[in-house]
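Asker: This is structure-v3.pdb (PDB, C-alpha atoms, pLDDT in the B column).
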```
ATOM      1  CA  MET A   1      48.081  -4.163 -58.269  1.00 76.00           C
ATOM      2  CA  LEU A   2      49.238  -1.291 -56.048  1.00 84.00           C
ATOM      3  CA  LEU A   3      46.184   0.769 -57.009  1.00 82.00           C
ATOM      4  CA  ASN A   4      43.861  -2.080 -56.007  1.00 81.00           C
ATOM      5  CA  ILE A   5      45.589  -2.336 -52.621  1.00 87.00           C
ATOM      6  CA  LEU A   6      45.222   1.422 -52.130  1.00 85.00           C
ATOM      7  CA  LEU A   7      41.530   1.245 -53.070  1.00 80.00           C
ATOM      8  CA  LEU A   8      41.045  -1.546 -50.549  1.00 82.00           C
ATOM      9  CA  ILE A   9      42.757   0.564 -47.861  1.00 86.00           C
ATOM     10  CA  PHE A  10      40.499   3.541 -48.661  1.00 81.00           C
ATOM     11  CA  CYS A  11      37.489   1.231 -48.416  1.00 79.00           C
ATOM     12  CA  ALA A  12      38.652  -0.162 -45.056  1.00 83.00           C
ATOM     13  CA  ILE A  13      39.387   3.226 -43.438  1.00 80.00           C
ATOM     14  CA  PRO A  14      35.764   4.013 -42.462  1.00 76.00           C
ATOM     15  CA  PHE A  15      35.338   0.620 -40.831  1.00 79.00           C
ATOM     16  CA  GLY A  16      38.682   0.678 -39.022  1.00 81.00           C
ATOM     17  CA  VAL A  17      38.298   4.223 -37.704  1.00 77.00           C
ATOM     18  CA  SER A  18      34.736   3.727 -36.523  1.00 74.00           C
ATOM     19  CA  ILE A  19      35.482   0.410 -34.798  1.00 78.00           C
ATOM     20  CA  SER A  20      38.605   1.639 -33.042  1.00 77.00           C
ATOM     21  CA  LEU A  21      37.622   5.206 -32.086  1.00 73.00           C
ATOM     22  CA  TYR A  22      33.836   5.342 -31.664  1.00 70.00           C
ATOM     23  CA  LYS A  23      32.975   5.940 -27.977  1.00 68.00           C
ATOM     24  CA  ASN A  24      36.654   5.650 -27.097  1.00 70.00           C
ATOM     25  CA  ASN A  25      37.449   6.950 -23.592  1.00 70.00           C
ATOM     26  CA  LYS A  26      41.177   7.583 -24.080  1.00 73.00           C
ATOM     27  CA  ARG A  27      42.649  10.982 -23.236  1.00 72.00           C
ATOM     28  CA  PHE A  28      43.490  11.878 -26.861  1.00 73.00           C
ATOM     29  CA  MET A  29      39.866  11.300 -27.869  1.00 76.00           C
ATOM     30  CA  ALA A  30      38.657  13.458 -24.960  1.00 74.00           C
ATOM     31  CA  THR A  31      40.955  16.222 -26.213  1.00 77.00           C
ATOM     32  CA  PHE A  32      39.569  15.709 -29.722  1.00 79.00           C
ATOM     33  CA  TYR A  33      35.959  15.877 -28.482  1.00 77.00           C
ATOM     34  CA  VAL A  34      36.557  19.110 -26.546  1.00 77.00           C
ATOM     35  CA  ALA A  35      38.432  20.724 -29.445  1.00 79.00           C
ATOM     36  CA  MET A  36      35.669  19.818 -31.884  1.00 81.00           C
ATOM     37  CA  ALA A  37      32.955  21.101 -29.564  1.00 79.00           C
ATOM     38  CA  ARG A  38      34.683  24.373 -28.674  1.00 79.00           C
ATOM     39  CA  SER A  39      36.504  25.472 -31.825  1.00 82.00           C
ATOM     40  CA  GLY A  40      35.075  26.255 -35.239  1.00 84.00           C
ATOM     41  CA  ASN A  41      38.590  26.087 -36.650  1.00 90.00           C
ATOM     42  CA  ALA A  42      38.978  22.517 -35.384  1.00 88.00           C
ATOM     43  CA  ARG A  43      35.737  21.551 -37.113  1.00 89.00           C
ATOM     44  CA  LYS A  44      36.888  23.273 -40.292  1.00 91.00           C
ATOM     45  CA  LEU A  45      40.201  21.390 -40.174  1.00 92.00           C
ATOM     46  CA  TYR A  46      38.306  18.141 -39.548  1.00 88.00           C
ATOM     47  CA  VAL A  47      36.163  18.679 -42.657  1.00 90.00           C
ATOM     48  CA  GLN A  48      39.207  19.601 -44.746  1.00 92.00           C
ATOM     49  CA  VAL A  49      41.087  16.457 -43.677  1.00 90.00           C
ATOM     50  CA  TRP A  50      38.143  14.283 -44.736  1.00 89.00           C
ATOM     51  CA  LEU A  51      37.900  16.188 -48.011  1.00 91.00           C
ATOM     52  CA  ILE A  52      41.602  15.572 -48.692  1.00 92.00           C
ATOM     53  CA  CYS A  53      41.120  11.852 -47.987  1.00 89.00           C
ATOM     54  CA  LEU A  54      38.212  11.774 -50.429  1.00 90.00           C
ATOM     55  CA  LEU A  55      40.165  13.633 -53.100  1.00 91.00           C
ATOM     56  CA  LEU A  56      43.082  11.197 -52.688  1.00 90.00           C
ATOM     57  CA  PHE A  57      40.646   8.310 -53.078  1.00 90.00           C
ATOM     58  CA  HIS A  58      39.261   9.876 -56.257  1.00 90.00           C
ATOM     59  CA  TYR A  59      42.763  10.384 -57.629  1.00 90.00           C
ATOM     60  CA  VAL A  60      43.739   6.759 -56.991  1.00 88.00           C
ATOM     61  CA  TYR A  61      40.473   5.527 -58.479  1.00 88.00           C
ATOM     62  CA  ALA A  62      40.825   7.746 -61.565  1.00 89.00           C
ATOM     63  CA  CYS A  63      44.393   6.510 -62.153  1.00 87.00           C
ATOM     64  CA  GLY A  64      43.283   2.888 -62.130  1.00 84.00           C
ATOM     65  CA  HIS A  65      39.950   3.250 -63.916  1.00 83.00           C
ATOM     66  CA  THR A  66      40.321   5.626 -66.846  1.00 82.00           C
ATOM     67  CA  GLY A  67      37.126   6.492 -68.677  1.00 81.00           C
ATOM     68  CA  GLU A  68      34.894   5.722 -65.670  1.00 81.00           C
ATOM     69  CA  PHE A  69      32.010   8.200 -65.809  1.00 84.00           C
ATOM     70  CA  GLY A  70      30.585   7.296 -62.382  1.00 82.00           C
ATOM     71  CA  ILE A  71      33.327   9.276 -60.690  1.00 88.00           C
ATOM     72  CA  LEU A  72      31.664  12.503 -61.849  1.00 89.00           C
ATOM     73  CA  LEU A  73      28.792  12.145 -59.352  1.00 89.00           C
ATOM     74  CA  SER A  74      31.065  11.687 -56.365  1.00 89.00           C
ATOM     75  CA  THR A  75      33.347  14.453 -57.576  1.00 89.00           C
ATOM     76  CA  GLY A  76      30.311  16.751 -57.496  1.00 90.00           C
ATOM     77  CA  VAL A  77      29.750  15.825 -53.846  1.00 89.00           C
ATOM     78  CA  CYS A  78      33.427  16.562 -53.120  1.00 90.00           C
ATOM     79  CA  ALA A  79      33.141  19.923 -54.900  1.00 91.00           C
ATOM     80  CA  ALA A  80      30.133  20.770 -52.722  1.00 91.00           C
ATOM     81  CA  MET A  81      32.206  19.895 -49.646  1.00 89.00           C
ATOM     82  CA  PHE A  82      34.590  22.777 -50.353  1.00 91.00           C
ATOM     83  CA  SER A  83      31.997  25.016 -48.704  1.00 91.00           C
ATOM     84  CA  PHE A  84      32.460  24.536 -44.964  1.00 89.00           C
ATOM     85  CA  ARG A  85      29.040  25.991 -44.162  1.00 91.00           C
ATOM     86  CA  ARG A  86      27.319  23.476 -46.456  1.00 91.00           C
ATOM     87  CA  THR A  87      29.324  20.516 -45.143  1.00 90.00           C
ATOM     88  CA  ASP A  88      28.744  21.615 -41.556  1.00 88.00           C
ATOM     89  CA  ASN A  89      25.017  21.713 -42.268  1.00 88.00           C
ATOM     90  CA  TRP A  90      25.110  18.214 -43.853  1.00 89.00           C
ATOM     91  CA  LEU A  91      27.006  16.683 -40.965  1.00 88.00           C
ATOM     92  CA  ARG A  92      24.715  18.233 -38.344  1.00 85.00           C
ATOM     93  CA  ARG A  93      21.614  17.039 -40.190  1.00 85.00           C
ATOM     94  CA  LEU A  94      22.984  13.522 -40.462  1.00 86.00           C
ATOM     95  CA  LEU A  95      23.865  13.538 -36.782  1.00 81.00           C
ATOM     96  CA  ASP A  96      20.503  14.875 -35.616  1.00 80.00           C
ATOM     97  CA  ARG A  97      18.386  12.609 -37.818  1.00 84.00           C
ATOM     98  CA  PRO A  98      19.150   8.937 -37.136  1.00 84.00           C
ATOM     99  CA  ARG A  99      16.605   7.767 -39.708  1.00 89.00           C
ATOM    100  CA  ALA A 100      18.322   9.790 -42.456  1.00 88.00           C
ATOM    101  CA  PHE A 101      21.678   8.422 -41.303  1.00 88.00           C
ATOM    102  CA  VAL A 102      20.494   4.805 -41.566  1.00 90.00           C
ATOM    103  CA  THR A 103      18.746   5.440 -44.872  1.00 93.00           C
ATOM    104  CA  LEU A 104      21.860   6.996 -46.369  1.00 92.00           C
ATOM    105  CA  ALA A 105      23.998   4.132 -45.057  1.00 91.00           C
ATOM    106  CA  SER A 106      21.638   1.616 -46.667  1.00 94.00           C
ATOM    107  CA  VAL A 107      21.706   3.509 -49.953  1.00 94.00           C
ATOM    108  CA  ALA A 108      25.515   3.604 -49.857  1.00 92.00           C
ATOM    109  CA  LEU A 109      25.637  -0.136 -49.222  1.00 92.00           C
ATOM    110  CA  ILE A 110      23.389  -0.809 -52.201  1.00 94.00           C
ATOM    111  CA  MET A 111      25.314   1.652 -54.398  1.00 91.00           C
ATOM    112  CA  GLY A 112      28.541  -0.204 -53.678  1.00 87.00           C
ATOM    113  CA  PHE A 113      27.234  -3.077 -55.787  1.00 91.00           C
ATOM    114  CA  VAL A 114      26.110  -0.916 -58.723  1.00 89.00           C
ATOM    115  CA  PRO A 115      28.952  -0.901 -61.269  1.00 83.00           C
ATOM    116  CA  HIS A 116      29.440   2.832 -61.834  1.00 87.00           C
ATOM    117  CA  LEU A 117      28.426   4.139 -58.412  1.00 90.00           C
ATOM    118  CA  TYR A 118      31.239   2.656 -56.309  1.00 87.00           C
ATOM    119  CA  THR A 119      32.988   6.012 -55.803  1.00 89.00           C
ATOM    120  CA  LEU A 120      29.736   7.653 -54.740  1.00 91.00           C
ATOM    121  CA  ALA A 121      29.160   4.853 -52.199  1.00 90.00           C
ATOM    122  CA  ILE A 122      32.640   5.373 -50.712  1.00 89.00           C
ATOM    123  CA  THR A 123      32.085   9.147 -50.638  1.00 91.00           C
ATOM    124  CA  ILE A 124      28.822   8.667 -48.733  1.00 91.00           C
ATOM    125  CA  ALA A 125      30.560   6.248 -46.345  1.00 89.00           C
ATOM    126  CA  TYR A 126      33.205   8.893 -45.607  1.00 88.00           C
ATOM    127  CA  LEU A 127      30.486  11.507 -45.003  1.00 90.00           C
ATOM    128  CA  LEU A 128      28.717   9.177 -42.587  1.00 89.00           C
ATOM    129  CA  LEU A 129      31.971   8.507 -40.766  1.00 86.00           C
ATOM    130  CA  ALA A 130      32.670  12.235 -40.516  1.00 86.00           C
ATOM    131  CA  ALA A 131      29.171  12.751 -39.087  1.00 87.00           C
ATOM    132  CA  LEU A 132      29.808  10.094 -36.411  1.00 83.00           C
ATOM    133  CA  PHE A 133      32.535  12.189 -34.810  1.00 81.00           C
ATOM    134  CA  TYR A 134      30.968  15.600 -35.402  1.00 83.00           C
ATOM    135  CA  PRO A 135      29.665  17.451 -32.296  1.00 81.00           C
ATOM    136  CA  SER A 136      25.955  18.033 -31.885  1.00 74.00           C
ATOM    137  CA  VAL A 137      24.471  21.410 -31.008  1.00 71.00           C
ATOM    138  CA  ARG A 138      23.720  20.112 -27.498  1.00 71.00           C
ATOM    139  CA  VAL A 139      27.357  19.160 -26.865  1.00 71.00           C
ATOM    140  CA  MET A 140      28.563  22.508 -28.163  1.00 71.00           C
ATOM    141  CA  SER A 141      26.223  24.351 -25.793  1.00 70.00           C
ATOM    142  CA  GLU A 142      27.267  22.107 -22.871  1.00 69.00           C
ATOM    143  CA  CYS A 143      30.897  22.858 -23.675  1.00 68.00           C
ATOM    144  CA  LYS A 144      30.308  26.551 -22.908  1.00 67.00           C
ATOM    145  CA  ASP A 145      29.341  25.584 -19.345  1.00 63.00           C
ATOM    146  CA  THR A 146      32.461  25.525 -17.132  1.00 59.00           C
ATOM    147  CA  GLY A 147      30.857  22.997 -14.768  1.00 57.00           C
ATOM    148  CA  SER A 148      30.522  20.483 -17.589  1.00 58.00           C
ATOM    149  CA  LEU A 149      34.128  21.063 -18.642  1.00 56.00           C
ATOM    150  CA  SER A 150      35.467  20.408 -15.157  1.00 56.00           C
ATOM    151  CA  GLY A 151      33.278  17.307 -14.868  1.00 58.00           C
ATOM    152  CA  TRP A 152      34.499  16.059 -18.229  1.00 58.00           C
ATOM    153  CA  ALA A 153      38.102  16.640 -17.166  1.00 57.00           C
ATOM    154  CA  LYS A 154      37.570  14.410 -14.106  1.00 61.00           C
ATOM    155  CA  HIS A 155      35.564  11.755 -15.962  1.00 58.00           C
ATOM    156  CA  PRO A 156      36.489  11.566 -19.691  1.00 57.00           C
ATOM    157  CA  GLU A 157      34.111   8.623 -20.164  1.00 59.00           C
ATOM    158  CA  MET A 158      31.214  10.977 -19.422  1.00 60.00           C
ATOM    159  CA  LEU A 159      32.410  13.256 -22.220  1.00 59.00           C
ATOM    160  CA  SER A 160      32.374  10.320 -24.615  1.00 56.00           C
ATOM    161  CA  GLU A 161      28.878   9.331 -23.503  1.00 60.00           C
ATOM    162  CA  SER A 162      27.604  12.901 -23.799  1.00 59.00           C
ATOM    163  CA  TYR A 163      29.300  13.396 -27.176  1.00 60.00           C
ATOM    164  CA  HIS A 164      27.775  10.277 -28.713  1.00 57.00           C
ATOM    165  CA  ASP A 165      24.353  10.467 -27.050  1.00 61.00           C
ATOM    166  CA  ASN A 166      22.277  11.315 -30.100  1.00 54.00           C
ATOM    167  CA  HIS A 167      18.669  11.419 -28.886  1.00 46.00           C
ATOM    168  CA  HIS A 168      18.640   7.823 -27.713  1.00 45.00           C
ATOM    169  CA  ALA A 169      16.142   6.970 -25.003  1.00 41.00           C
ATOM    170  CA  ASN A 170      17.597   5.562 -21.797  1.00 44.00           C
ATOM    171  CA  LEU A 171      16.031   2.821 -19.775  1.00 45.00           C
ATOM    172  CA  PRO A 172      14.323   4.049 -16.585  1.00 46.00           C
ATOM    173  CA  HIS A 173      17.114   2.770 -14.329  1.00 49.00           C
ATOM    174  CA  GLU A 174      19.719   4.612 -16.465  1.00 49.00           C
ATOM    175  CA  ALA A 175      17.977   7.991 -16.382  1.00 48.00           C
ATOM    176  CA  ASP A 176      19.629  10.818 -14.453  1.00 50.00           C
ATOM    177  CA  SER A 177      16.322  12.131 -13.006  1.00 49.00           C
ATOM    178  CA  GLY A 178      17.142  15.679 -14.071  1.00 51.00           C
ATOM    179  CA  ASN A 179      20.290  15.831 -11.930  1.00 51.00           C
ATOM    180  CA  THR A 180      22.806  18.126 -13.631  1.00 49.00           C
ATOM    181  CA  ASP A 181      25.693  17.133 -11.351  1.00 49.00           C
ATOM    182  CA  ILE A 182      28.004  15.191 -13.664  1.00 49.00           C
ATOM    183  CA  SER A 183      29.656  13.275 -10.817  1.00 48.00           C
ATOM    184  CA  ALA A 184      26.238  11.988  -9.717  1.00 49.00           C
ATOM    185  CA  GLN A 185      25.620  10.801 -13.251  1.00 49.00           C
ATOM    186  CA  TYR A 186      28.991   9.047 -13.252  1.00 48.00           C
ATOM    187  CA  GLU A 187      28.136   7.287  -9.998  1.00 53.00           C
ATOM    188  CA  SER A 188      24.884   6.043 -11.523  1.00 51.00           C
ATOM    189  CA  LEU A 189      26.868   4.301 -14.281  1.00 52.00           C
ATOM    190  CA  LYS A 190      28.914   2.256 -11.810  1.00 53.00           C
ATOM    191  CA  PRO A 191      27.548  -1.209 -10.962  1.00 54.00           C
ATOM    192  CA  ASN A 192      25.985  -1.590  -7.529  1.00 53.00           C
ATOM    193  CA  GLU A 193      27.528  -3.724  -4.804  1.00 50.00           C
ATOM    194  CA  ASN A 194      24.584  -6.118  -5.127  1.00 51.00           C
ATOM    195  CA  GLU A 195      25.177  -6.636  -8.888  1.00 50.00           C
ATOM    196  CA  LYS A 196      28.767  -7.825  -8.398  1.00 48.00           C
TER     197      LYS A 196
END
```
Could you express the structure from this file as structure tokens?
Answerer:
Amino acid sequence: MLLNILLLIFCAIPFGVSISLYKNNKRFMATFYVAMARSGNARKLYVQVWLICLLLFHYVYACGHTGEFGILLSTGVCAAMFSFRRTDNWLRRLLDRPRAFVTLASVALIMGFVPHLYTLAITIAYLLLAALFYPSVRVMSECKDTGSLSGWAKHPEMLSESYHDNHHANLPHEADSGNTDISAQYESLKPNENEK
């Protein structure tokens, strides 16, 4: 019974984390975003924490389901994640290719209903969640600019928007017209006096 509760918790973690922390404007998330964008060691720690969570999930699943051969596929994915360079490449590709992200999420959803592929579906869900909070190349290059850092310090919500802006097209009235001044962009997000 305890193992089933633990498996349910491991299944709920991706949903709970993504709902509560995605595009969160709190100060601790701004610190997290800057650390992830600036430090390779922070990204390496991030990948290792997700790998530990996956290995704990596999351990709990293996204790409750002895003789399950489907766990071998997801264990292979976890073994491949021991290479930071490979995992970094996977997460960047998932982040930069929204179609691949959605396709992989759909495949994971379908795999969850196939009897022996449940662990692989959870492993893919954890990879997708890790990719959600991974910095893009654009954010990492913006982080080297001191003007962006000072703007992000004044307006943490702009950091969240920049961090999670993955090649989405803005409506014409939301475009920044090429203005690189971050405070001007922040002002454009505020509602007008006429809209109130």
Asker: To one decimal in Å, tell me the separation between atom CA of Ala62 of chain A and atom CA of Ile5 of chain A.
Answerer: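 Spanning atom CA of Ala62 of chain A to atom CA of Ile5 of chain A is a straight-line distance of 14.3 Å.
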Asker: Carefully work through the PyMOL selection byres ((chain A and resi 16-18) around 12) for this structure and note down the residues it includes, as a PyMOL selection string.
Answerer: chain A and resi 8-15+19-24+125-126+128-133
Asker: May I have the residues within 12 Å of Ser106 of chain A as a tab-separated table (two decimals) with C-alpha atoms, in the frame of the given file, using only C-alpha atoms and disregarding those fewer than 5 positions away in the same chain?
Answerer:
```tsv
chain	number	residue	atom	x	y	z
A	99	ARG	CA	16.60	7.77	-39.71
A	100	ALA	CA	18.32	9.79	-42.46
A	101	PHE	CA	21.68	8.42	-41.30
A	111	MET	CA	25.31	1.65	-54.40
A	112	GLY	CA	28.54	-0.20	-53.68
A	113	PHE	CA	27.23	-3.08	-55.79
A	121	ALA	CA	29.16	4.85	-52.20
A	124	ILE	CA	28.82	8.67	-48.73
A	125	ALA	CA	30.56	6.25	-46.34
A	128	LEU	CA	28.72	9.18	-42.59
```
Asker: Which residue is closest to Leu120 of chain A? Choose from A:Cys78, A:Val49, A:Met1, A:Leu91 and count only C-alpha atoms.
Answerer: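 Result for the nearest residue to Leu120 of chain A: A:Cys78.
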Asker: Report the distance between atom CA of Phe57 of chain A and atom CA of Leu6 of chain A in Å, rounded to one decimal place.
Answerer: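 Atom CA of Phe57 of chain A sits 8.3 Å away from atom CA of Leu6 of chain A.
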Asker: Atom CA of Val34 of chain A and atom CA of Leu104 of chain A, how far apart in Å?
Answerer: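 Computing the Euclidean distance for atom CA of Leu104 of chain A and atom CA of Val34 of chain A yields 27.5 Å.
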Asker: Using only C-alpha atoms, pick whichever of A:Leu3, A:Met140, A:Val47, A:Ala30 has the shortest atom-to-atom distance to Phe84 of chain A.
Answerer: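 Of all the options, A:Val47 lies closest to Phe84 of chain A.
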Asker: Using all atoms listed in the file, which residue out of A:Leu7, A:Val137, A:Val77, A:Leu117 lies closest to Tyr61 of chain A?
Answerer: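 Using all atoms listed in the file, the shortest distance to Tyr61 of chain A belongs to A:Leu7.
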Asker: Taking 5 positions as the minimum chain separation for residues in the same chain, which residues sit within 9 Å of Tyr46 of chain A when counting only C-alpha atoms? Answer as a ChimeraX atom specification.
Answerer: /A:36,41,51,130,134
Asker: Written as a list in words, what is the full residue list that the PyMOL selection byres ((chain A and resi 92) around 9) yields on the file shown?
Answerer: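 Here the PyMOL selection byres ((chain A and resi 92) around 9) matches Thr87, Asp88, Asn89, Trp90, Leu91, Arg93, Leu94, Leu95, Asp96, Arg97, Ala131, Tyr134, Pro135, Ser136 and Val137 of chain A.
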Asker: Given the file shown, enumerate the residues that the PyMOL selection byres ((chain A and resi 70) around 8) captures and present them as a ChimeraX atom specification.
Answerer: /A:68-69,71-74,116-120
Asker: A:Pro98, A:His58, A:Arg85, A:Thr123: which is nearest Gly40 of chain A, counting all atoms listed in the file?
Answerer: A:Arg85
Asker: Which residue is closest to Cys53 of chain A? Choose from A:Arg86, A:Leu127, A:Pro115, A:Phe28 and count all atoms listed in the file.
Answerer: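 Nearest to Cys53 of chain A: A:Leu127.
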